[in-house]
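S.K.: Below you will find the structure I want to go over with you.
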2 protein chains.
Amino acid sequence: MFKNYIENANFEDTGFSYTLSLIRGKYKMVILYCLMEFNIVRYNELKRYIKTISHKTLAVSLKELEKDSLIIRKEYPQISPKVEYSLSDRGKSLMEILDRLCVWGEIHKNDMK
Amino acid sequence: MFKNYIENANFEDTGFSYTLSLIRGKYKMVILYCLMEFNIVRYNELKRYIKTISHKTLAVSLKELEKDSLIIRKEYPQISPKVEYSLSDRGKSLMEILDRLCVWGEIHKNDMK
DNA sequence: CTGTATCCTCCCCGATACTG
DNA sequence: CAGTATCGGGGAGGATACAG
């Protein structure tokens with residue numbers, strides 16, 4: 001399959017490029033993992049879990065993940081506002097594969113003496 | 001397993017973070033795919049396959065991939081120089097998983113109407 | 001509580017020229 | 001052929017302040 005990409009010299013259109021574009025960003029994977037682990041999480045909970053993330057990055061990342069249909073945003077119109085995030089089915093199916101990358105890293109990160 | 005990371009608030013040390021650090025970079029995955037597809041490839045062949053990559057990026061990426069033991073660099077000392085690159089066993093085991101990301105992308109990139 | 005808006009910094013990558 | 005060196009632009013992300 002990939003050979004076709006090479007012959008067409010069109011790497012930008014590969015499935016892999018597409019997948020990477022969804023999870024590019026310093027914290028997107030961390031957000032997805034948090035949602036996988038805790039199922040339903042509020043904005044401020046995410047902010048507390050991921051101590052080093054800035055407000056801006058968290059907000060932008062969540063918006064993009066939602067636009068890409070990897071996560072679901074549920075808003076409760078009340079004072080003060082409450083918003084819950086969770087994985088979509090699409091997001092869950094992606095996480096099955098990404099989790100294998102996590103495991104691979106665990107196994108191999110001490111390979112090198 | 002991931003829950004431990006969250007409780008330790010130490011996302012930088014996750015296996016996934018480690019894995020991503022290996023393949024971060026605009027063209028690293030493309031290089032790995034080329035090596036997977038063609039087995040043994042010379043420097044200039046890579047440059048030709050990946051039309052849009054610059055010399056600097058190709059050189060730097062190859063050096064990092066080699067340092068991380070994902071690829072093997074074999075140099076033939078002669079005039080003019082000849083260098084062949086190929087996947088290491090470690091690289092091949094990673095590619096098995098990355099290839100699944102490629103397939104996921106192929107299947108899902110047209111999900112959204 | 002859940003965001004936006006602005007400014008600013010750093011670093012990835014491209015373009016280009018040079019070398020053994 | 002297979003690199004290395006240097007310069008520079010652009011975009012991702014941080015700090016901070018403000019809003020509904």
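To be explicit about the labels: the chains of the structure tokens are called A, B, and onward in the order shown, and within each one the residues are counted from 1, while ligands get numbers from 1 in the order they are shown.
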Residues of chain C within 9 Å of chain A, counting only C-alpha atoms (C1' of nucleotides) - could you list those as a PyMOL selection string?

M.R.: chain C and resi 1-4

S.K.: Considering only C-alpha atoms (C1' of nucleotides), extract the chain D residues located within 12 Å of chain B and return them as JSON, numbers by chain.

M.R.: {"D": [1, 2, 3, 4, 5, 6]}

S.K.: Hey, could you lay chain B over chain A with a least-squares C-alpha fit (all atoms, paired in order) and save it as a tab-separated table (two decimals) with N, CA and C atoms, in the first residue's frame?

M.R.:
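Result file selection09.tsv:
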chain	number	residue	atom	x	y	z
B	1	MET	N	0.68	-1.24	-0.03
B	1	MET	CA	-0.14	-0.03	0.01
B	1	MET	C	0.73	1.22	0.02
B	2	PHE	N	1.75	1.19	0.83
B	2	PHE	CA	2.59	2.38	0.92
B	2	PHE	C	3.35	2.65	-0.37
B	3	LYS	N	3.63	1.57	-1.08
B	3	LYS	CA	4.36	1.73	-2.34
B	3	LYS	C	3.63	2.69	-3.28
B	4	ASN	N	2.33	2.62	-3.27
B	4	ASN	CA	1.56	3.55	-4.09
B	4	ASN	C	1.89	4.99	-3.76
B	5	TYR	N	2.01	5.28	-2.48
B	5	TYR	CA	2.34	6.63	-2.07
B	5	TYR	C	3.66	7.06	-2.67
B	6	ILE	N	4.63	6.17	-2.60
B	6	ILE	CA	5.95	6.51	-3.07
B	6	ILE	C	5.93	6.76	-4.57
B	7	GLU	N	5.26	5.89	-5.28
B	7	GLU	CA	5.19	6.08	-6.72
B	7	GLU	C	4.47	7.36	-7.09
B	8	ASN	N	3.50	7.72	-6.30
B	8	ASN	CA	2.80	8.98	-6.55
B	8	ASN	C	3.53	10.17	-5.95
B	9	ALA	N	4.60	9.88	-5.22
B	9	ALA	CA	5.37	10.95	-4.57
B	9	ALA	C	4.46	11.86	-3.77
B	10	ASN	N	3.53	11.26	-3.09
B	10	ASN	CA	2.54	12.07	-2.39
B	10	ASN	C	2.42	11.63	-0.94
B	11	PHE	N	3.43	12.01	-0.17
B	11	PHE	CA	3.48	11.55	1.22
B	11	PHE	C	2.48	12.29	2.10
B	12	GLU	N	2.13	13.49	1.68
B	12	GLU	CA	1.22	14.28	2.51
B	12	GLU	C	-0.14	13.61	2.62
B	13	ASP	N	-0.48	12.80	1.63
B	13	ASP	CA	-1.80	12.21	1.60
B	13	ASP	C	-1.85	10.80	2.19
B	14	THR	N	-0.78	10.35	2.81
B	14	THR	CA	-0.81	9.01	3.37
B	14	THR	C	-1.74	8.94	4.58
B	15	GLY	N	-2.24	7.75	4.83
B	15	GLY	CA	-3.05	7.56	6.02
B	15	GLY	C	-2.27	7.89	7.26
B	16	PHE	N	-0.98	7.57	7.21
B	16	PHE	CA	-0.17	7.84	8.38
B	16	PHE	C	-0.02	9.33	8.64
B	17	SER	N	0.25	10.09	7.60
B	17	SER	CA	0.32	11.54	7.73
B	17	SER	C	-0.96	12.09	8.33
B	18	TYR	N	-2.06	11.57	7.85
B	18	TYR	CA	-3.34	12.02	8.37
B	18	TYR	C	-3.45	11.72	9.87
B	19	THR	N	-3.13	10.49	10.24
B	19	THR	CA	-3.21	10.10	11.65
B	19	THR	C	-2.32	10.98	12.51
B	20	LEU	N	-1.10	11.20	12.04
B	20	LEU	CA	-0.18	12.02	12.82
B	20	LEU	C	-0.69	13.44	12.97
B	21	SER	N	-1.32	13.94	11.94
B	21	SER	CA	-1.82	15.32	12.03
B	21	SER	C	-2.87	15.45	13.14
B	22	LEU	N	-3.55	14.37	13.42
B	22	LEU	CA	-4.58	14.40	14.47
B	22	LEU	C	-3.98	14.48	15.86
B	23	ILE	N	-2.82	13.86	16.04
B	23	ILE	CA	-2.26	13.78	17.39
B	23	ILE	C	-1.01	14.63	17.55
B	24	ARG	N	-0.70	15.45	16.52
B	24	ARG	CA	0.45	16.34	16.65
B	24	ARG	C	0.15	17.37	17.74
B	25	GLY	N	1.15	17.74	18.43
B	25	GLY	CA	0.97	18.69	19.51
B	25	GLY	C	1.48	18.09	20.79
B	26	LYS	N	2.06	18.93	21.61
B	26	LYS	CA	2.80	18.47	22.77
B	26	LYS	C	1.92	17.67	23.74
B	27	TYR	N	0.65	18.02	23.84
B	27	TYR	CA	-0.16	17.43	24.89
B	27	TYR	C	-1.38	16.64	24.39
B	28	LYS	N	-1.56	16.56	23.09
B	28	LYS	CA	-2.79	15.92	22.62
B	28	LYS	C	-2.91	14.47	23.07
B	29	MET	N	-1.80	13.76	22.98
B	29	MET	CA	-1.84	12.37	23.42
B	29	MET	C	-2.09	12.25	24.91
B	30	VAL	N	-1.53	13.14	25.67
B	30	VAL	CA	-1.74	13.10	27.12
B	30	VAL	C	-3.21	13.31	27.44
B	31	ILE	N	-3.82	14.25	26.74
B	31	ILE	CA	-5.25	14.49	26.93
B	31	ILE	C	-6.04	13.23	26.60
B	32	LEU	N	-5.73	12.62	25.47
B	32	LEU	CA	-6.46	11.42	25.06
B	32	LEU	C	-6.29	10.30	26.10
B	33	TYR	N	-5.08	10.17	26.62
B	33	TYR	CA	-4.85	9.13	27.63
B	33	TYR	C	-5.64	9.41	28.90
B	34	CYS	N	-5.70	10.67	29.28
B	34	CYS	CA	-6.49	11.01	30.47
B	34	CYS	C	-7.96	10.64	30.26
B	35	LEU	N	-8.48	10.93	29.09
B	35	LEU	CA	-9.88	10.62	28.82
B	35	LEU	C	-10.09	9.11	28.77
B	36	MET	N	-9.10	8.40	28.25
B	36	MET	CA	-9.20	6.94	28.21
B	36	MET	C	-9.25	6.37	29.62
B	37	GLU	N	-8.46	6.97	30.49
B	37	GLU	CA	-8.32	6.42	31.84
B	37	GLU	C	-9.51	6.80	32.73
B	38	PHE	N	-10.01	8.02	32.55
B	38	PHE	CA	-11.02	8.53	33.48
B	38	PHE	C	-12.42	8.65	32.86
B	39	ASN	N	-12.52	8.32	31.57
B	39	ASN	CA	-13.80	8.30	30.86
B	39	ASN	C	-14.43	9.68	30.64
B	40	ILE	N	-14.87	10.30	31.71
B	40	ILE	CA	-15.50	11.62	31.58
B	40	ILE	C	-14.79	12.59	32.50
B	41	VAL	N	-14.28	13.65	31.91
B	41	VAL	CA	-13.44	14.57	32.68
B	41	VAL	C	-13.82	16.02	32.38
B	42	ARG	N	-13.86	16.83	33.40
B	42	ARG	CA	-14.17	18.25	33.22
B	42	ARG	C	-12.90	19.03	32.86
B	43	TYR	N	-13.12	20.20	32.31
B	43	TYR	CA	-12.01	21.02	31.84
B	43	TYR	C	-10.96	21.23	32.93
B	44	ASN	N	-11.41	21.66	34.08
B	44	ASN	CA	-10.45	21.97	35.14
B	44	ASN	C	-9.78	20.73	35.73
B	45	GLU	N	-10.47	19.61	35.65
B	45	GLU	CA	-9.82	18.36	36.08
B	45	GLU	C	-8.64	18.06	35.17
B	46	LEU	N	-8.86	18.20	33.87
B	46	LEU	CA	-7.76	17.99	32.91
B	46	LEU	C	-6.60	18.91	33.25
B	47	LYS	N	-6.94	20.16	33.47
B	47	LYS	CA	-5.91	21.15	33.79
B	47	LYS	C	-5.11	20.72	35.02
B	48	ARG	N	-5.77	20.13	35.98
B	48	ARG	CA	-5.06	19.72	37.19
B	48	ARG	C	-4.24	18.45	36.96
B	49	TYR	N	-4.82	17.51	36.22
B	49	TYR	CA	-4.07	16.28	35.92
B	49	TYR	C	-2.79	16.61	35.17
B	50	ILE	N	-2.92	17.43	34.14
B	50	ILE	CA	-1.78	17.74	33.29
B	50	ILE	C	-1.18	19.05	33.78
B	51	LYS	N	-0.39	18.93	34.82
B	51	LYS	CA	0.03	20.11	35.58
B	51	LYS	C	0.73	21.16	34.73
B	52	THR	N	1.51	20.71	33.74
B	52	THR	CA	2.37	21.66	33.04
B	52	THR	C	1.72	22.30	31.82
B	53	ILE	N	0.50	21.94	31.51
B	53	ILE	CA	-0.13	22.50	30.32
B	53	ILE	C	-0.68	23.90	30.62
B	54	SER	N	-0.61	24.76	29.60
B	54	SER	CA	-1.15	26.11	29.78
B	54	SER	C	-2.63	26.12	29.37
B	55	HIS	N	-3.35	27.14	29.86
B	55	HIS	CA	-4.75	27.28	29.49
B	55	HIS	C	-4.91	27.29	27.97
B	56	LYS	N	-4.09	28.08	27.32
B	56	LYS	CA	-4.25	28.25	25.89
B	56	LYS	C	-4.07	26.93	25.16
B	57	THR	N	-3.00	26.21	25.50
B	57	THR	CA	-2.72	24.95	24.82
B	57	THR	C	-3.84	23.94	25.08
B	58	LEU	N	-4.31	23.89	26.32
B	58	LEU	CA	-5.40	22.96	26.63
B	58	LEU	C	-6.65	23.30	25.82
B	59	ALA	N	-7.00	24.58	25.80
B	59	ALA	CA	-8.21	24.99	25.08
B	59	ALA	C	-8.09	24.70	23.59
B	60	VAL	N	-6.96	25.08	23.01
B	60	VAL	CA	-6.77	24.87	21.57
B	60	VAL	C	-6.76	23.39	21.24
B	61	SER	N	-6.06	22.60	22.05
B	61	SER	CA	-5.98	21.16	21.79
B	61	SER	C	-7.36	20.52	21.86
B	62	LEU	N	-8.13	20.87	22.88
B	62	LEU	CA	-9.46	20.29	23.02
B	62	LEU	C	-10.33	20.65	21.83
B	63	LYS	N	-10.22	21.88	21.38
B	63	LYS	CA	-11.04	22.31	20.25
B	63	LYS	C	-10.69	21.52	18.99
B	64	GLU	N	-9.40	21.30	18.78
B	64	GLU	CA	-8.99	20.56	17.60
B	64	GLU	C	-9.38	19.09	17.70
B	65	LEU	N	-9.19	18.51	18.87
B	65	LEU	CA	-9.57	17.11	19.05
B	65	LEU	C	-11.08	16.93	18.82
B	66	GLU	N	-11.83	17.92	19.25
B	66	GLU	CA	-13.28	17.84	19.05
B	66	GLU	C	-13.62	17.99	17.56
B	67	LYS	N	-12.97	18.95	16.90
B	67	LYS	CA	-13.20	19.14	15.47
B	67	LYS	C	-12.88	17.87	14.69
B	68	ASP	N	-11.86	17.15	15.13
B	68	ASP	CA	-11.47	15.91	14.46
B	68	ASP	C	-12.28	14.72	14.95
B	69	SER	N	-13.28	14.97	15.77
B	69	SER	CA	-14.21	13.93	16.23
B	69	SER	C	-13.53	12.82	17.03
B	70	LEU	N	-12.42	13.16	17.67
B	70	LEU	CA	-11.79	12.16	18.54
B	70	LEU	C	-12.34	12.23	19.95
B	71	ILE	N	-12.86	13.39	20.33
B	71	ILE	CA	-13.45	13.55	21.66
B	71	ILE	C	-14.82	14.20	21.53
B	72	ILE	N	-15.59	14.07	22.60
B	72	ILE	CA	-16.93	14.63	22.65
B	72	ILE	C	-16.99	15.69	23.76
B	73	ARG	N	-17.53	16.83	23.42
B	73	ARG	CA	-17.66	17.92	24.38
B	73	ARG	C	-19.13	18.07	24.76
B	74	LYS	N	-19.41	17.95	26.04
B	74	LYS	CA	-20.80	18.12	26.49
B	74	LYS	C	-20.88	19.28	27.47
B	75	GLU	N	-21.71	20.24	27.12
B	75	GLU	CA	-21.81	21.47	27.91
B	75	GLU	C	-23.12	21.49	28.67
B	76	TYR	N	-23.04	21.80	29.95
B	76	TYR	CA	-24.24	21.98	30.75
B	76	TYR	C	-24.46	23.47	30.95
B	77	PRO	N	-25.50	24.02	30.36
B	77	PRO	CA	-25.70	25.47	30.45
B	77	PRO	C	-26.22	25.85	31.83
B	78	GLN	N	-25.35	26.34	32.64
B	78	GLN	CA	-25.67	26.69	34.01
B	78	GLN	C	-24.63	27.67	34.51
B	79	ILE	N	-24.94	28.26	35.67
B	79	ILE	CA	-23.95	29.13	36.30
B	79	ILE	C	-23.52	28.45	37.59
B	80	SER	N	-22.21	28.17	37.75
B	80	SER	CA	-21.18	28.42	36.77
B	80	SER	C	-21.08	27.24	35.80
B	81	PRO	N	-20.56	27.50	34.59
B	81	PRO	CA	-20.54	26.52	33.52
B	81	PRO	C	-19.88	25.20	33.88
B	82	LYS	N	-20.36	24.14	33.26
B	82	LYS	CA	-19.78	22.81	33.46
B	82	LYS	C	-19.65	22.15	32.10
B	83	VAL	N	-18.45	21.67	31.79
B	83	VAL	CA	-18.21	21.04	30.50
B	83	VAL	C	-17.50	19.71	30.73
B	84	GLU	N	-18.02	18.67	30.12
B	84	GLU	CA	-17.40	17.35	30.26
B	84	GLU	C	-16.84	16.87	28.93
B	85	TYR	N	-15.65	16.32	28.98
B	85	TYR	CA	-15.03	15.76	27.78
B	85	TYR	C	-14.91	14.25	27.92
B	86	SER	N	-15.06	13.55	26.78
B	86	SER	CA	-14.88	12.09	26.78
B	86	SER	C	-14.43	11.65	25.40
B	87	LEU	N	-13.93	10.42	25.32
B	87	LEU	CA	-13.51	9.88	24.02
B	87	LEU	C	-14.73	9.51	23.18
B	88	SER	N	-14.67	9.79	21.89
B	88	SER	CA	-15.67	9.28	20.97
B	88	SER	C	-15.31	7.85	20.57
B	89	ASP	N	-16.19	7.17	19.86
B	89	ASP	CA	-15.86	5.83	19.39
B	89	ASP	C	-14.65	5.87	18.47
B	90	ARG	N	-14.63	6.89	17.62
B	90	ARG	CA	-13.48	7.09	16.74
B	90	ARG	C	-12.19	7.27	17.55
B	91	GLY	N	-12.28	8.06	18.61
B	91	GLY	CA	-11.13	8.26	19.48
B	91	GLY	C	-10.70	6.97	20.15
B	92	LYS	N	-11.69	6.20	20.59
B	92	LYS	CA	-11.35	4.94	21.26
B	92	LYS	C	-10.64	3.98	20.32
B	93	SER	N	-11.08	3.94	19.07
B	93	SER	CA	-10.46	3.01	18.12
B	93	SER	C	-9.02	3.43	17.84
B	94	LEU	N	-8.77	4.72	17.83
B	94	LEU	CA	-7.39	5.19	17.66
B	94	LEU	C	-6.53	4.85	18.86
B	95	MET	N	-7.12	5.01	20.04
B	95	MET	CA	-6.36	4.76	21.27
B	95	MET	C	-5.90	3.31	21.38
B	96	GLU	N	-6.68	2.41	20.79
B	96	GLU	CA	-6.25	1.00	20.84
B	96	GLU	C	-4.87	0.82	20.22
B	97	ILE	N	-4.65	1.56	19.13
B	97	ILE	CA	-3.37	1.45	18.45
B	97	ILE	C	-2.29	2.26	19.17
B	98	LEU	N	-2.65	3.46	19.59
B	98	LEU	CA	-1.67	4.31	20.27
B	98	LEU	C	-1.18	3.65	21.56
B	99	ASP	N	-2.07	2.91	22.19
B	99	ASP	CA	-1.68	2.23	23.42
B	99	ASP	C	-0.57	1.21	23.15
B	100	ARG	N	-0.59	0.64	21.95
B	100	ARG	CA	0.46	-0.33	21.62
B	100	ARG	C	1.81	0.38	21.46
B	101	LEU	N	1.75	1.61	20.98
B	101	LEU	CA	2.99	2.40	20.91
B	101	LEU	C	3.53	2.66	22.30
B	102	CYS	N	2.62	2.90	23.22
B	102	CYS	CA	3.01	3.12	24.62
B	102	CYS	C	3.72	1.90	25.16
B	103	VAL	N	3.14	0.74	24.92
B	103	VAL	CA	3.73	-0.50	25.41
B	103	VAL	C	5.09	-0.75	24.75
B	104	TRP	N	5.16	-0.51	23.45
B	104	TRP	CA	6.44	-0.68	22.74
B	104	TRP	C	7.52	0.18	23.39
B	105	GLY	N	7.16	1.40	23.70
B	105	GLY	CA	8.12	2.32	24.33
B	105	GLY	C	8.56	1.83	25.70
B	106	GLU	N	7.60	1.33	26.47
B	106	GLU	CA	7.93	0.78	27.79
B	106	GLU	C	8.96	-0.33	27.68
B	107	ILE	N	8.73	-1.19	26.70
B	107	ILE	CA	9.60	-2.35	26.54
B	107	ILE	C	10.98	-1.96	26.03
B	108	HIS	N	11.01	-0.98	25.11
B	108	HIS	CA	12.25	-0.71	24.39
B	108	HIS	C	13.03	0.49	24.87
B	109	LYS	N	12.48	1.25	25.82
B	109	LYS	CA	13.18	2.49	26.13
B	109	LYS	C	14.49	2.25	26.88
B	110	ASN	N	14.66	1.05	27.37
B	110	ASN	CA	15.94	0.74	28.03
B	110	ASN	C	16.80	-0.22	27.21
B	111	ASP	N	16.41	-0.38	25.94
B	111	ASP	CA	17.17	-1.26	25.06
B	111	ASP	C	18.65	-0.92	25.04
B	112	MET	N	18.89	0.39	24.94
B	112	MET	CA	20.24	0.84	24.64
B	112	MET	C	21.00	0.98	25.95
B	113	LYS	N	22.00	0.20	26.02
B	113	LYS	CA	22.79	0.00	27.26
B	113	LYS	C	22.81	1.22	28.16

S.K.: Based on DSSP run over this structure's backbone, return all residues of chain B in helix (DSSP H, G or I), as a ChimeraX atom specification.

M.R.: /B:2-8,11-13,15-23,28-38,43-49,55-67,89-108

S.K.: Could you please determine the separation between C1' of DA5 in chain C and C1' of DC18 in chain D in Å, to one decimal place?

M.R.: 8.1 Å

S.K.: Tell me, as a PDB file with all heavy atoms, in the first residue's frame, which residues lie within 12 Å of DC7 in chain C, counting only C-alpha atoms (C1' of nucleotides); anything in the same chain fewer than 6 positions away does not count.

M.R.:
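Done, and the output landed in out28.pdb:
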ATOM      1  P    DG D  14       3.190  24.765  26.528  1.00  0.00           P
ATOM      2  OP1  DG D  14       3.769  23.659  27.303  1.00  0.00           O
ATOM      3  OP2  DG D  14       1.729  24.870  26.353  1.00  0.00           O
ATOM      4  O5'  DG D  14       3.723  26.140  27.133  1.00  0.00           O
ATOM      5  C5'  DG D  14       5.138  26.337  27.302  1.00  0.00           C
ATOM      6  C4'  DG D  14       5.403  27.712  27.889  1.00  0.00           C
ATOM      7  O4'  DG D  14       5.081  28.719  26.900  1.00  0.00           O
ATOM      8  C3'  DG D  14       4.573  28.041  29.131  1.00  0.00           C
ATOM      9  O3'  DG D  14       5.380  28.732  30.080  1.00  0.00           O
ATOM     10  C2'  DG D  14       3.450  28.925  28.592  1.00  0.00           C
ATOM     11  C1'  DG D  14       4.117  29.625  27.417  1.00  0.00           C
ATOM     12  N9   DG D  14       3.186  29.938  26.337  1.00  0.00           N
ATOM     13  C8   DG D  14       2.343  29.068  25.683  1.00  0.00           C
ATOM     14  N7   DG D  14       1.624  29.634  24.761  1.00  0.00           N
ATOM     15  C5   DG D  14       2.002  30.971  24.801  1.00  0.00           C
ATOM     16  C6   DG D  14       1.556  32.075  24.032  1.00  0.00           C
ATOM     17  O6   DG D  14       0.706  32.099  23.133  1.00  0.00           O
ATOM     18  N1   DG D  14       2.204  33.252  24.403  1.00  0.00           N
ATOM     19  C2   DG D  14       3.168  33.352  25.387  1.00  0.00           C
ATOM     20  N2   DG D  14       3.676  34.559  25.598  1.00  0.00           N
ATOM     21  N3   DG D  14       3.588  32.322  26.109  1.00  0.00           N
ATOM     22  C4   DG D  14       2.963  31.172  25.767  1.00  0.00           C
ATOM     23  P    DA D  15       4.799  28.994  31.560  1.00  0.00           P
ATOM     24  OP1  DA D  15       5.885  28.612  32.482  1.00  0.00           O
ATOM     25  OP2  DA D  15       3.461  28.365  31.685  1.00  0.00           O
ATOM     26  O5'  DA D  15       4.599  30.571  31.610  1.00  0.00           O
ATOM     27  C5'  DA D  15       5.324  31.433  30.748  1.00  0.00           C
ATOM     28  C4'  DA D  15       4.940  32.886  31.017  1.00  0.00           C
ATOM     29  O4'  DA D  15       4.102  33.363  29.935  1.00  0.00           O
ATOM     30  C3'  DA D  15       4.129  33.120  32.300  1.00  0.00           C
ATOM     31  O3'  DA D  15       4.488  34.372  32.856  1.00  0.00           O
ATOM     32  C2'  DA D  15       2.688  33.088  31.819  1.00  0.00           C
ATOM     33  C1'  DA D  15       2.808  33.679  30.408  1.00  0.00           C
ATOM     34  N9   DA D  15       1.847  33.123  29.462  1.00  0.00           N
ATOM     35  C8   DA D  15       1.420  31.828  29.381  1.00  0.00           C
ATOM     36  N7   DA D  15       0.560  31.601  28.420  1.00  0.00           N
ATOM     37  C5   DA D  15       0.401  32.848  27.828  1.00  0.00           C
ATOM     38  C6   DA D  15      -0.382  33.282  26.737  1.00  0.00           C
ATOM     39  N6   DA D  15      -1.180  32.473  26.031  1.00  0.00           N
ATOM     40  N1   DA D  15      -0.299  34.588  26.405  1.00  0.00           N
ATOM     41  C2   DA D  15       0.504  35.396  27.109  1.00  0.00           C
ATOM     42  N3   DA D  15       1.291  35.101  28.145  1.00  0.00           N
ATOM     43  C4   DA D  15       1.185  33.790  28.457  1.00  0.00           C
ATOM     44  P    DT D  16       3.876  34.811  34.280  1.00  0.00           P
ATOM     45  OP1  DT D  16       4.914  35.613  34.970  1.00  0.00           O
ATOM     46  OP2  DT D  16       3.266  33.648  34.955  1.00  0.00           O
ATOM     47  O5'  DT D  16       2.701  35.796  33.859  1.00  0.00           O
ATOM     48  C5'  DT D  16       2.919  36.741  32.810  1.00  0.00           C
ATOM     49  C4'  DT D  16       1.604  37.323  32.352  1.00  0.00           C
ATOM     50  O4'  DT D  16       0.973  36.426  31.415  1.00  0.00           O
ATOM     51  C3'  DT D  16       0.567  37.557  33.460  1.00  0.00           C
ATOM     52  O3'  DT D  16       0.440  38.959  33.686  1.00  0.00           O
ATOM     53  C2'  DT D  16      -0.716  36.918  32.923  1.00  0.00           C
ATOM     54  C1'  DT D  16      -0.400  36.714  31.448  1.00  0.00           C
ATOM     55  N1   DT D  16      -1.113  35.580  30.819  1.00  0.00           N
ATOM     56  C2   DT D  16      -1.847  35.822  29.685  1.00  0.00           C
ATOM     57  O2   DT D  16      -1.943  36.927  29.178  1.00  0.00           O
ATOM     58  N3   DT D  16      -2.485  34.721  29.151  1.00  0.00           N
ATOM     59  C4   DT D  16      -2.448  33.428  29.660  1.00  0.00           C
ATOM     60  O4   DT D  16      -3.057  32.524  29.096  1.00  0.00           O
ATOM     61  C5   DT D  16      -1.655  33.240  30.851  1.00  0.00           C
ATOM     62  C7   DT D  16      -1.562  31.888  31.456  1.00  0.00           C
ATOM     63  C6   DT D  16      -1.029  34.320  31.361  1.00  0.00           C
ATOM     64  P    DA D  17      -0.598  39.509  34.846  1.00  0.00           P
ATOM     65  OP1  DA D  17       0.045  40.690  35.456  1.00  0.00           O
ATOM     66  OP2  DA D  17      -1.038  38.391  35.701  1.00  0.00           O
ATOM     67  O5'  DA D  17      -1.832  40.003  33.977  1.00  0.00           O
ATOM     68  C5'  DA D  17      -1.591  40.671  32.727  1.00  0.00           C
ATOM     69  C4'  DA D  17      -2.904  40.820  31.970  1.00  0.00           C
ATOM     70  O4'  DA D  17      -3.242  39.563  31.328  1.00  0.00           O
ATOM     71  C3'  DA D  17      -4.102  41.189  32.856  1.00  0.00           C
ATOM     72  O3'  DA D  17      -4.839  42.242  32.233  1.00  0.00           O
ATOM     73  C2'  DA D  17      -4.919  39.904  32.919  1.00  0.00           C
ATOM     74  C1'  DA D  17      -4.595  39.273  31.567  1.00  0.00           C
ATOM     75  N9   DA D  17      -4.755  37.823  31.540  1.00  0.00           N
ATOM     76  C8   DA D  17      -4.238  36.910  32.419  1.00  0.00           C
ATOM     77  N7   DA D  17      -4.551  35.668  32.146  1.00  0.00           N
ATOM     78  C5   DA D  17      -5.328  35.768  31.012  1.00  0.00           C
ATOM     79  C6   DA D  17      -5.985  34.803  30.220  1.00  0.00           C
ATOM     80  N6   DA D  17      -5.931  33.493  30.470  1.00  0.00           N
ATOM     81  N1   DA D  17      -6.685  35.243  29.139  1.00  0.00           N
ATOM     82  C2   DA D  17      -6.722  36.558  28.894  1.00  0.00           C
ATOM     83  N3   DA D  17      -6.154  37.559  29.567  1.00  0.00           N
ATOM     84  C4   DA D  17      -5.466  37.095  30.613  1.00  0.00           C
TER      85       DA D  17
END

S.K.: Please identify all polymer residues within 12 Å of DG10 in chain D, counting only C-alpha atoms (C1' of nucleotides), omitting same-chain residues fewer than 4 positions from it, and present them as a count of residues only.

M.R.: 5
